$ cat work17.txt   # compact mmCIF, C-alpha atoms and all ligand atoms
# COMPACT_ATOMS: atom_id res chain seq x y z
CA MET A 224 -19.58 -5.71 -6.72
CA GLU A 225 -22.88 -4.24 -5.56
CA ASN A 226 -23.78 -7.57 -3.92
CA ALA A 227 -20.45 -7.88 -2.18
CA LEU A 228 -20.90 -4.36 -0.83
CA LEU A 229 -24.33 -5.08 0.53
CA SER A 230 -23.76 -8.61 1.77
CA ASN A 231 -21.30 -7.72 4.54
CA GLU A 232 -19.42 -10.74 3.29
CA PHE A 233 -16.13 -8.94 3.82
CA PHE A 234 -16.94 -7.50 7.24
CA GLY A 235 -15.14 -10.49 8.74
CA HIS A 236 -11.91 -9.28 7.10
CA LYS A 237 -9.06 -9.12 9.59
CA SER A 238 -6.80 -6.08 9.67
CA VAL A 239 -3.10 -6.86 9.84
CA MET A 240 -1.03 -6.18 13.00
CA SER A 241 -3.82 -4.16 14.66
CA HIS A 242 -2.61 -4.99 18.12
CA GLU A 243 0.86 -3.58 17.40
CA ILE A 244 -0.62 -0.48 15.76
CA LEU A 245 -2.77 0.29 18.80
CA SER A 246 0.07 -0.28 21.22
CA PHE A 247 2.34 2.17 19.34
CA LEU A 248 -0.28 4.80 18.48
CA ASP A 249 -2.21 4.50 21.75
CA PRO A 250 -5.06 6.57 20.26
CA ARG A 251 -6.56 9.16 22.63
CA ALA A 252 -10.07 10.55 22.79
CA ASP A 253 -9.01 14.06 21.84
CA GLY A 254 -6.52 12.99 19.17
CA ILE A 255 -6.54 13.42 15.41
CA TYR A 256 -5.29 10.43 13.44
CA ILE A 257 -4.62 9.65 9.79
CA ASP A 258 -5.53 6.31 8.27
CA ALA A 259 -3.69 6.69 4.96
CA THR A 260 -5.09 3.43 3.59
CA LEU A 261 -8.66 3.06 4.82
CA GLY A 262 -9.47 -0.09 2.82
CA LEU A 263 -12.38 -1.80 4.54
CA GLY A 264 -11.98 0.45 7.56
CA GLY A 265 -10.58 -2.18 9.93
CA HIS A 266 -7.74 -0.12 11.39
CA THR A 267 -9.91 3.01 11.55
CA GLU A 268 -12.53 1.08 13.49
CA LYS A 269 -9.90 -0.22 15.92
CA ILE A 270 -8.50 3.28 16.49
CA LEU A 271 -12.02 4.59 17.13
CA LYS A 272 -12.75 1.81 19.62
CA HIS A 273 -9.47 2.33 21.46
CA SER A 274 -10.29 6.04 21.88
CA ASP A 275 -13.78 5.32 23.23
CA PHE A 276 -15.12 6.35 19.83
CA ARG A 277 -13.99 9.93 20.39
CA ALA A 278 -10.85 10.36 18.29
CA LYS A 279 -11.11 12.07 14.92
CA ILE A 280 -9.77 10.21 11.89
CA VAL A 281 -8.95 11.50 8.44
CA ALA A 282 -9.11 8.39 6.28
CA PHE A 283 -7.75 8.17 2.73
CA ASP A 284 -8.35 5.68 -0.02
CA VAL A 285 -7.88 6.14 -3.77
CA ASP A 286 -10.44 3.44 -4.42
CA ASP A 287 -14.00 4.76 -4.41
CA GLU A 288 -15.47 1.28 -3.84
CA SER A 289 -13.41 0.80 -0.67
CA ILE A 290 -14.52 4.25 0.51
CA SER A 291 -18.20 3.32 -0.02
CA PHE A 292 -17.68 0.02 1.74
CA ALA A 293 -15.95 1.61 4.75
CA LYS A 294 -18.50 4.46 4.92
CA ASN A 295 -21.23 1.88 5.12
CA ARG A 296 -19.38 -0.11 7.78
CA LEU A 297 -18.53 2.96 9.86
CA SER A 298 -21.80 4.82 9.32
CA LYS A 299 -22.40 5.07 13.09
CA PHE A 300 -19.23 7.14 13.46
CA GLU A 301 -19.89 9.57 10.63
CA SER A 302 -19.05 12.60 12.73
CA GLN A 303 -15.71 11.08 13.74
CA VAL A 304 -14.33 10.12 10.34
CA VAL A 305 -13.51 12.35 7.39
CA PHE A 306 -13.53 10.06 4.33
CA VAL A 307 -11.13 11.25 1.66
CA ASN A 308 -11.33 9.56 -1.72
CA LYS A 309 -7.85 10.71 -2.73
CA ASN A 310 -4.30 9.49 -2.99
CA PHE A 311 -2.36 9.72 0.28
CA ILE A 312 0.26 11.82 -1.49
CA GLN A 313 -2.27 14.64 -1.11
CA LEU A 314 -2.00 14.47 2.67
CA ASP A 315 -0.53 17.98 3.09
CA LYS A 316 -3.12 19.62 0.89
CA VAL A 317 -6.06 17.75 2.46
CA LEU A 318 -4.95 18.63 6.00
CA ASP A 319 -4.51 22.24 4.91
CA ASP A 320 -8.06 22.30 3.56
CA LEU A 321 -9.30 20.86 6.88
CA SER A 322 -7.23 23.44 8.81
CA ILE A 323 -5.32 20.64 10.56
CA ARG A 324 -1.66 21.50 11.11
CA GLU A 325 -0.43 18.47 13.01
CA VAL A 326 -1.73 15.02 13.92
CA ASP A 327 -1.40 12.57 16.81
CA GLY A 328 -0.67 9.46 14.77
CA ILE A 329 -0.63 7.92 11.31
CA VAL A 330 -1.17 4.41 10.06
CA ALA A 331 -0.46 3.15 6.54
CA ASP A 332 -1.24 -0.45 5.62
CA LEU A 333 0.18 -0.52 2.11
CA GLY A 334 -0.87 -2.28 -1.07
CA ILE A 335 -4.31 -3.62 -1.82
CA SER A 336 -6.92 -5.44 0.22
CA SER A 337 -8.09 -8.99 -0.32
CA TYR A 338 -11.48 -7.40 -1.02
CA GLN A 339 -10.02 -5.65 -4.06
CA ILE A 340 -8.52 -8.89 -5.35
CA GLU A 341 -11.50 -11.08 -4.57
CA SER A 342 -14.42 -8.82 -5.38
CA GLY A 343 -13.15 -8.87 -8.90
CA GLY A 344 -13.26 -6.80 -12.01
CA ARG A 345 -9.78 -5.29 -11.97
CA GLY A 346 -7.59 -8.09 -13.21
CA LEU A 347 -5.60 -8.17 -9.97
CA SER A 348 -5.82 -11.94 -9.59
CA PHE A 349 -4.07 -14.45 -11.81
CA LEU A 350 -6.79 -16.95 -10.86
CA ARG A 351 -9.67 -15.10 -12.52
CA ASP A 352 -10.33 -14.17 -16.10
CA GLU A 353 -10.86 -10.42 -15.97
CA PRO A 354 -9.93 -7.44 -18.12
CA LEU A 355 -6.31 -6.45 -17.57
CA ASP A 356 -6.83 -3.18 -15.71
CA MET A 357 -5.07 -3.24 -12.29
CA ARG A 358 -5.81 0.42 -11.52
CA ILE A 359 -6.73 1.02 -7.89
CA ASP A 360 -7.59 4.60 -8.76
CA THR A 361 -9.85 4.38 -11.81
CA GLY A 362 -8.93 7.96 -12.70
CA LEU A 363 -5.41 6.91 -13.71
CA ARG A 364 -4.66 7.12 -17.42
CA PHE A 365 -2.84 3.86 -18.12
CA THR A 366 -4.03 0.36 -17.32
CA ALA A 367 -2.03 -2.86 -17.17
CA PHE A 368 -3.43 -3.64 -20.65
CA ASP A 369 -1.65 -0.54 -21.97
CA LEU A 370 1.68 -1.46 -20.36
CA VAL A 371 1.56 -5.16 -21.28
CA ASN A 372 0.60 -4.46 -24.89
CA GLU A 373 2.52 -1.27 -25.62
CA LEU A 374 5.82 -1.24 -23.73
CA ASP A 375 8.82 -2.56 -25.64
CA PHE A 376 10.99 -5.51 -24.61
CA GLU A 377 13.46 -3.38 -22.60
CA GLU A 378 10.70 -1.52 -20.79
CA ILE A 379 8.81 -4.68 -19.84
CA SER A 380 12.03 -6.33 -18.59
CA LYS A 381 12.74 -3.24 -16.49
CA VAL A 382 9.23 -3.22 -14.95
CA LEU A 383 9.55 -6.91 -14.07
CA LYS A 384 13.05 -6.51 -12.59
CA ASN A 385 12.50 -3.24 -10.74
CA TYR A 386 8.99 -3.80 -9.43
CA GLY A 387 8.80 -7.59 -9.24
CA GLU A 388 12.42 -8.59 -8.61
CA GLU A 389 11.60 -11.29 -11.17
CA LYS A 390 14.65 -13.33 -12.15
CA TRP A 391 12.92 -14.58 -15.30
CA ALA A 392 12.21 -10.97 -16.40
CA THR A 393 13.78 -11.15 -19.87
CA ARG A 394 12.21 -14.53 -20.73
CA ILE A 395 8.80 -13.29 -19.61
CA ALA A 396 9.21 -10.03 -21.54
CA ARG A 397 10.14 -12.01 -24.67
CA GLU A 398 7.10 -14.29 -24.28
CA ILE A 399 4.79 -11.28 -23.79
CA ILE A 400 6.10 -9.69 -26.99
CA LYS A 401 5.73 -13.00 -28.90
CA THR A 402 2.20 -13.62 -27.61
CA ARG A 403 0.88 -10.15 -28.32
CA GLN A 404 2.17 -10.28 -31.90
CA LYS A 405 -0.66 -12.76 -32.57
CA LYS A 406 -3.30 -10.82 -30.63
CA PRO A 407 -3.36 -8.38 -27.71
CA ILE A 408 -3.10 -9.86 -24.19
CA ASN A 409 -6.54 -8.88 -22.96
CA SER A 410 -7.15 -10.58 -19.66
CA SER A 411 -5.52 -11.52 -16.37
CA LEU A 412 -5.64 -15.24 -17.26
CA GLU A 413 -4.03 -14.59 -20.64
CA LEU A 414 -1.20 -12.75 -18.91
CA ALA A 415 -0.86 -15.47 -16.24
CA ASN A 416 -0.67 -18.18 -18.96
CA THR A 417 1.89 -16.19 -20.94
CA VAL A 418 4.10 -15.96 -17.84
CA SER A 419 3.66 -19.67 -17.06
CA ASN A 420 4.71 -20.50 -20.63
CA ALA A 421 7.81 -18.32 -20.32
CA ILE A 422 9.23 -20.07 -17.26
CA PRO A 423 10.37 -23.69 -17.73
CA LYS A 424 7.97 -25.97 -15.81
CA LYS A 425 10.69 -27.42 -13.61
CA PHE A 426 11.46 -23.91 -12.35
CA HIS A 427 7.87 -23.00 -11.49
CA PRO A 428 7.85 -21.91 -7.83
CA ARG A 429 6.20 -24.47 -5.58
CA LYS A 430 4.49 -22.16 -3.10
CA ILE A 431 3.33 -19.29 -5.31
CA HIS A 432 1.83 -18.95 -8.78
CA PRO A 433 4.57 -18.36 -11.40
CA ALA A 434 2.88 -15.08 -12.35
CA THR A 435 2.84 -13.64 -8.80
CA LYS A 436 5.84 -11.36 -9.30
CA THR A 437 4.73 -10.27 -12.77
CA PHE A 438 1.31 -9.24 -11.42
CA GLN A 439 2.96 -7.38 -8.53
CA ALA A 440 5.29 -5.59 -10.95
CA PHE A 441 2.58 -4.39 -13.35
CA ARG A 442 0.30 -3.39 -10.46
CA ILE A 443 3.07 -1.34 -8.82
CA SER A 444 3.90 0.28 -12.13
CA VAL A 445 0.28 1.08 -13.08
CA ASN A 446 -0.41 2.67 -9.69
CA ASN A 447 2.99 4.40 -9.17
CA GLU A 448 3.08 2.70 -5.79
CA LEU A 449 6.75 3.16 -4.95
CA GLU A 450 6.97 6.80 -6.05
CA ASN A 451 3.80 7.54 -4.06
CA LEU A 452 5.19 5.88 -0.96
CA ASN A 453 8.32 8.05 -1.07
CA ILE A 454 6.27 11.24 -1.36
CA PHE A 455 3.81 10.17 1.33
CA LEU A 456 6.45 9.32 3.96
CA GLU A 457 8.10 12.73 3.57
CA GLU A 458 4.76 14.52 3.93
CA ALA A 459 3.62 12.32 6.81
CA SER A 460 6.71 12.95 8.90
CA SER A 461 6.22 16.69 8.54
CA VAL A 462 2.70 16.66 10.05
CA LEU A 463 3.43 14.53 13.13
CA LYS A 464 3.28 16.31 16.48
CA PRO A 465 6.39 15.79 18.59
CA GLY A 466 5.96 12.36 20.18
CA ALA A 467 3.22 11.31 17.70
CA ARG A 468 3.87 8.09 15.82
CA ILE A 469 3.65 6.73 12.32
CA ALA A 470 3.27 2.98 11.76
CA VAL A 471 3.75 1.64 8.24
CA ILE A 472 2.97 -1.93 7.25
CA SER A 473 4.51 -3.18 4.02
CA PHE A 474 4.08 -6.47 2.20
CA HIS A 475 7.16 -6.85 0.02
CA SER A 476 10.82 -5.98 0.21
CA LEU A 477 10.63 -3.07 -2.26
CA GLU A 478 8.17 -1.22 -0.02
CA ASP A 479 9.97 -2.13 3.17
CA ARG A 480 13.27 -0.87 1.75
CA ILE A 481 11.71 2.49 0.94
CA VAL A 482 10.22 2.79 4.44
CA LYS A 483 13.54 1.79 6.02
CA ASN A 484 15.64 4.19 3.93
CA THR A 485 13.22 7.11 4.18
CA PHE A 486 12.92 6.71 7.95
CA LYS A 487 16.73 6.60 8.12
CA ARG A 488 17.05 9.77 6.05
CA LEU A 489 14.37 11.59 8.06
CA SER A 490 16.00 10.58 11.32
CA SER A 491 19.43 11.90 10.37
CA SER A 492 20.45 15.49 10.85
CA CYS A 493 23.41 16.82 8.85
CA VAL A 494 23.84 15.16 5.42
CA CYS A 495 26.93 17.16 4.37
CA PRO A 496 29.74 15.09 2.82
CA PRO A 497 32.28 14.09 5.52
CA ARG A 498 35.02 16.26 3.90
CA ILE A 499 33.07 19.45 4.71
CA PRO A 500 34.32 20.59 8.16
CA LYS A 501 31.18 22.53 9.15
CA CYS A 502 27.57 21.70 8.40
CA VAL A 503 26.15 23.77 5.55
CA CYS A 504 22.99 21.76 4.85
CA ASN A 505 21.32 22.70 8.16
CA LYS A 506 19.18 19.60 7.88
CA LYS A 507 17.35 18.68 11.07
CA ALA A 508 16.05 15.23 11.93
CA SER A 509 12.23 15.08 11.85
CA LEU A 510 11.73 11.49 12.95
CA LYS A 511 13.01 9.13 15.62
CA ILE A 512 13.07 5.47 14.56
CA LEU A 513 11.36 3.21 17.12
CA THR A 514 11.91 -0.10 15.32
CA THR A 515 15.52 -0.80 14.35
CA SER A 516 14.38 -3.92 12.56
CA PRO A 517 10.82 -4.38 11.29
CA LEU A 518 8.19 -6.01 13.47
CA THR A 519 6.41 -9.05 12.08
CA PRO A 520 3.05 -10.59 13.03
CA THR A 521 2.83 -12.98 15.97
CA THR A 522 2.50 -16.70 15.31
CA GLU A 523 -1.07 -16.48 16.57
CA GLU A 524 -1.94 -13.80 14.01
CA LEU A 525 -0.30 -15.82 11.24
CA ILE A 526 -2.42 -18.84 12.15
CA ASN A 527 -5.60 -16.75 11.99
CA ASN A 528 -4.80 -14.54 9.03
CA SER A 529 -2.75 -15.79 6.10
CA ARG A 530 -2.73 -12.27 4.57
CA ALA A 531 -0.42 -11.20 7.40
CA ARG A 532 2.24 -13.65 6.15
CA SER A 533 4.63 -11.17 4.58
CA ALA A 534 3.76 -8.11 6.70
CA LYS A 535 6.53 -5.95 8.14
CA MET A 536 5.86 -2.96 10.31
CA ARG A 537 8.16 0.01 10.98
CA VAL A 538 7.37 2.78 13.40
CA GLY A 539 8.75 6.31 13.71
CA GLU A 540 8.06 9.14 16.15
CA GLY A 541 7.81 12.84 15.38
CA ILE A 542 10.49 15.03 16.94
C1 LIG B 1 -4.19 -3.26 2.67
S1 LIG B 1 -5.53 -2.27 2.30
C2 LIG B 1 -5.91 -1.49 3.82
C3 LIG B 1 -6.77 -2.31 4.73
C4 LIG B 1 -7.22 -1.54 5.96
N1 LIG B 1 -6.11 -1.13 6.78
C5 LIG B 1 -8.21 -2.31 6.79
O1 LIG B 1 -7.91 -2.60 7.95
O2 LIG B 1 -9.29 -2.62 6.28
C6 LIG B 1 -4.79 -0.97 1.43
C7 LIG B 1 -5.74 0.10 0.93
O3 LIG B 1 -4.95 1.22 0.56
C8 LIG B 1 -5.49 1.81 -0.59
N2 LIG B 1 -4.39 2.52 -1.24
C9 LIG B 1 -3.33 2.01 -1.88
N3 LIG B 1 -2.52 3.00 -2.31
C10 LIG B 1 -3.09 4.16 -1.91
C11 LIG B 1 -2.72 5.52 -2.05
N4 LIG B 1 -1.61 5.89 -2.69
N5 LIG B 1 -3.52 6.47 -1.49
C12 LIG B 1 -4.66 6.11 -0.83
N6 LIG B 1 -5.06 4.82 -0.68
C13 LIG B 1 -4.28 3.87 -1.22
C14 LIG B 1 -6.01 0.63 -1.40
O4 LIG B 1 -7.01 1.06 -2.28
C15 LIG B 1 -6.52 -0.30 -0.29
O5 LIG B 1 -7.89 -0.12 -0.08
$ encode --input "work17.txt" --output "structure tokens" --more "lines below"
Ligand SMILES: C[S@@+](CC[C@H](N)C(=O)[O-])C[C@H]1O[C@@H](n2cnc3c(N)ncnc32)[C@H](O)[C@@H]1O
Amino acid sequence: MENALLSNEFFGHKSVMSHEILSFLDPRADGIYIDATLGLGGHTEKILKHSDFRAKIVAFDVDDESISFAKNRLSKFESQVVFVNKNFIQLDKVLDDLSIREVDGIVADLGISSYQIESGGRGLSFLRDEPLDMRIDTGLRFTAFDLVNELDFEEISKVLKNYGEEKWATRIAREIIKTRQKKPINSSLELANTVSNAIPKKFHPRKIHPATKTFQAFRISVNNELENLNIFLEEASSVLKPGARIAVISFHSLEDRIVKNTFKRLSSSCVCPPRIPKCVCNKKASLKILTTSPLTPTTEELINNSRARSAKMRVGEGI
């Protein structure tokens, strides 16, 4: 890890849909922006550049290694960026502590970075033999090892269905239980092999590894990704200045559905049942939706960056 950090090997990493983010956020020199998912700092760097290196950015990441990496990369702009090694669900509290009431734009590029998969050690890749951890925030209590080896059949099936939309969920859950009766499933390769064994060979997907959805499901579950996204979107919409924008990039349908439904809810005023003649909820819309359907990367970006393949971006504007 140390070597990867120092080698700049990942500095060539390409941030997804940067062009679209800049055109919606149009970052200004006197603006304050939130990068909810700093990662390697690519979007933050682009926002800084676009604002002539004068905007202020509050940048979150739960992963301390990504924070160190981005700090190193953005060291020239130290006075411009507040690095926050916390979960983005703490947005309200962090802004309060910084005496910031409202912001001029927010970007969230969800999930994990290729750096986190490739730099190793966390069991996020089914192609490497690593301890089954999967925590992005190492302060979390439960690892993927705990879930894989301690949940019962029903619970594992539910994780795989709800967080992986895995149609072989029950077969995989059964195989996990059978395998761990002999000895605990300790590593990412052991889990990947267990999943491969559970799905009949002729049904192995051609374009992705058979364990792709299982890995996604356990990772989402370990890191509470969907619950966190719900909380974050509510908080984020409440700190946008009128006219300020939030751009959220998601990488699978579960995330995109949450962004779509939360934006819809935040953009609607009264939510009283239709049979009530007069509004009693007094709910006011806090967001205007700017993308009725999600934006996807251009063909050119897809040619240059395979990670952008499944990206979908939705944008809202504070009211
Ligand atoms: C796709 S990467 C972001 C890449 C970044 N936009 C760039 O251009 O380099 C997502 C990052 O979000 C972080 N992350 C995921 N969930 C988070 C959360 N709930 N709070 C804060 N950071 C989170 C991950 O650790 C990861 O570094």
$ residues_near_ligand --input "work17.txt" --ligand "ligand LIG 1 (chain B)" --cutoff "6 Å" --atoms "all atoms listed in the file" --output "JSON, numbers by chain"
{"A": [238, 259, 260, 261, 262, 263, 264, 265, 266, 283, 284, 285, 286, 289, 309, 310, 311, 332, 333, 334, 335, 336, 359, 451]}
$ residues_around --input "work17.txt" --residues "Ser410 in chain A" --least-positions-apart "4" --cutoff "6 Å" --atoms "all atoms listed in the file" --output "list in words"
Asp352, Glu353, Pro354 and Leu355 of chain A
$ atom_distance --input "work17.txt" --atom1 "CA of Gly466 in chain A" --atom2 "CA of Gly254 in chain A"
12.5 Å
$ closest_residue --input "work17.txt" --among "A:Val462, A:Asp479, A:Leu518, A:Ala415" --to "Asp319 in chain A" --atoms "only C-alpha atoms"
A:Val462
$ closest_residue --input "work17.txt" --among "A:Thr267, A:Thr402, A:Thr519, A:Thr393" --to "Phe474 in chain A" --atoms "only C-alpha atoms"
A:Thr519
$ closest_atom_pairs --input "work17.txt" --of "range 356-473 of chain A" --to "range 322-329 of chain A" --cutoff "7 Å" --atoms "only C-alpha atoms" --output "Markdown table"
| residue | atom | partner | partner_atom | distance |
| --- | --- | --- | --- | --- |
| A:Val462 | CA | A:Glu325 | CA | 4.7 |
| A:Leu463 | CA | A:Val326 | CA | 5.2 |
| A:Lys464 | CA | A:Glu325 | CA | 5.5 |
| A:Ala467 | CA | A:Asp327 | CA | 4.9 |
| A:Arg468 | CA | A:Gly328 | CA | 4.9 |
| A:Ile469 | CA | A:Ile329 | CA | 4.6 |
| A:Ala470 | CA | A:Ile329 | CA | 6.3 |
$ closest_residue --input "work17.txt" --among "A:Arg403, A:Arg364, A:Glu268, A:Glu373" --to "Ser298 in chain A" --atoms "all atoms listed in the file"
A:Glu268
$ closest_residue --input "work17.txt" --among "A:Tyr386, A:Trp391, A:Phe486, A:Phe426" --to "Ala440 in chain A" --atoms "only C-alpha atoms"
A:Tyr386
$ atom_distance --input "work17.txt" --atom1 "CA of Leu350 in chain A" --atom2 "CA of Leu412 in chain A"
6.7 Å
$ atom_distance --input "work17.txt" --atom1 "CA of Phe455 in chain A" --atom2 "CA of Arg488 in chain A"
14.1 Å
$ closest_residue --input "work17.txt" --among "A:Cys495, A:Val482, A:Ala396, A:Val503" --to "Ala459 in chain A" --atoms "all atoms listed in the file"
A:Val482
$ residues_around --input "work17.txt" --residues "Ala534 in chain A" --least-positions-apart "6" --cutoff "8 Å" --atoms "all atoms listed in the file" --output "PyMOL selection string"
chain A and resi 239+472-475+519-520
$ closest_residue --input "work17.txt" --among "A:Gln313, A:Gln339, A:Thr521, A:Thr514" --to "Phe292 in chain A" --atoms "only C-alpha atoms"
A:Gln339
$ decode --input "work17.txt" --residues "range 361-378 of chain A" --atoms "C-alpha atoms" --output "short mmCIF file (atom, residue, chain, number, x, y, z; two decimals), in the first residue's frame"
data_model
loop_
_atom_site.label_atom_id
_atom_site.label_comp_id
_atom_site.auth_asym_id
_atom_site.auth_seq_id
_atom_site.Cartn_x
_atom_site.Cartn_y
_atom_site.Cartn_z
CA THR A 361 -11.87 0.23 9.03
CA GLY A 362 -13.65 1.48 12.15
CA LEU A 363 -16.76 -0.55 11.29
CA ARG A 364 -17.46 -3.48 13.59
CA PHE A 365 -18.36 -6.27 11.18
CA THR A 366 -16.34 -7.50 8.23
CA ALA A 367 -17.45 -9.62 5.29
CA PHE A 368 -15.83 -12.58 7.10
CA ASP A 369 -18.30 -12.11 9.94
CA LEU A 370 -21.32 -11.96 7.62
CA VAL A 371 -20.24 -14.85 5.37
CA ASN A 372 -19.42 -17.11 8.31
CA GLU A 373 -22.07 -16.15 10.84
CA LEU A 374 -25.31 -15.21 9.08
CA ASP A 375 -27.83 -18.02 8.68
CA PHE A 376 -29.19 -19.32 5.37
CA GLU A 377 -32.17 -16.91 5.30
CA GLU A 378 -30.02 -13.91 6.14
#
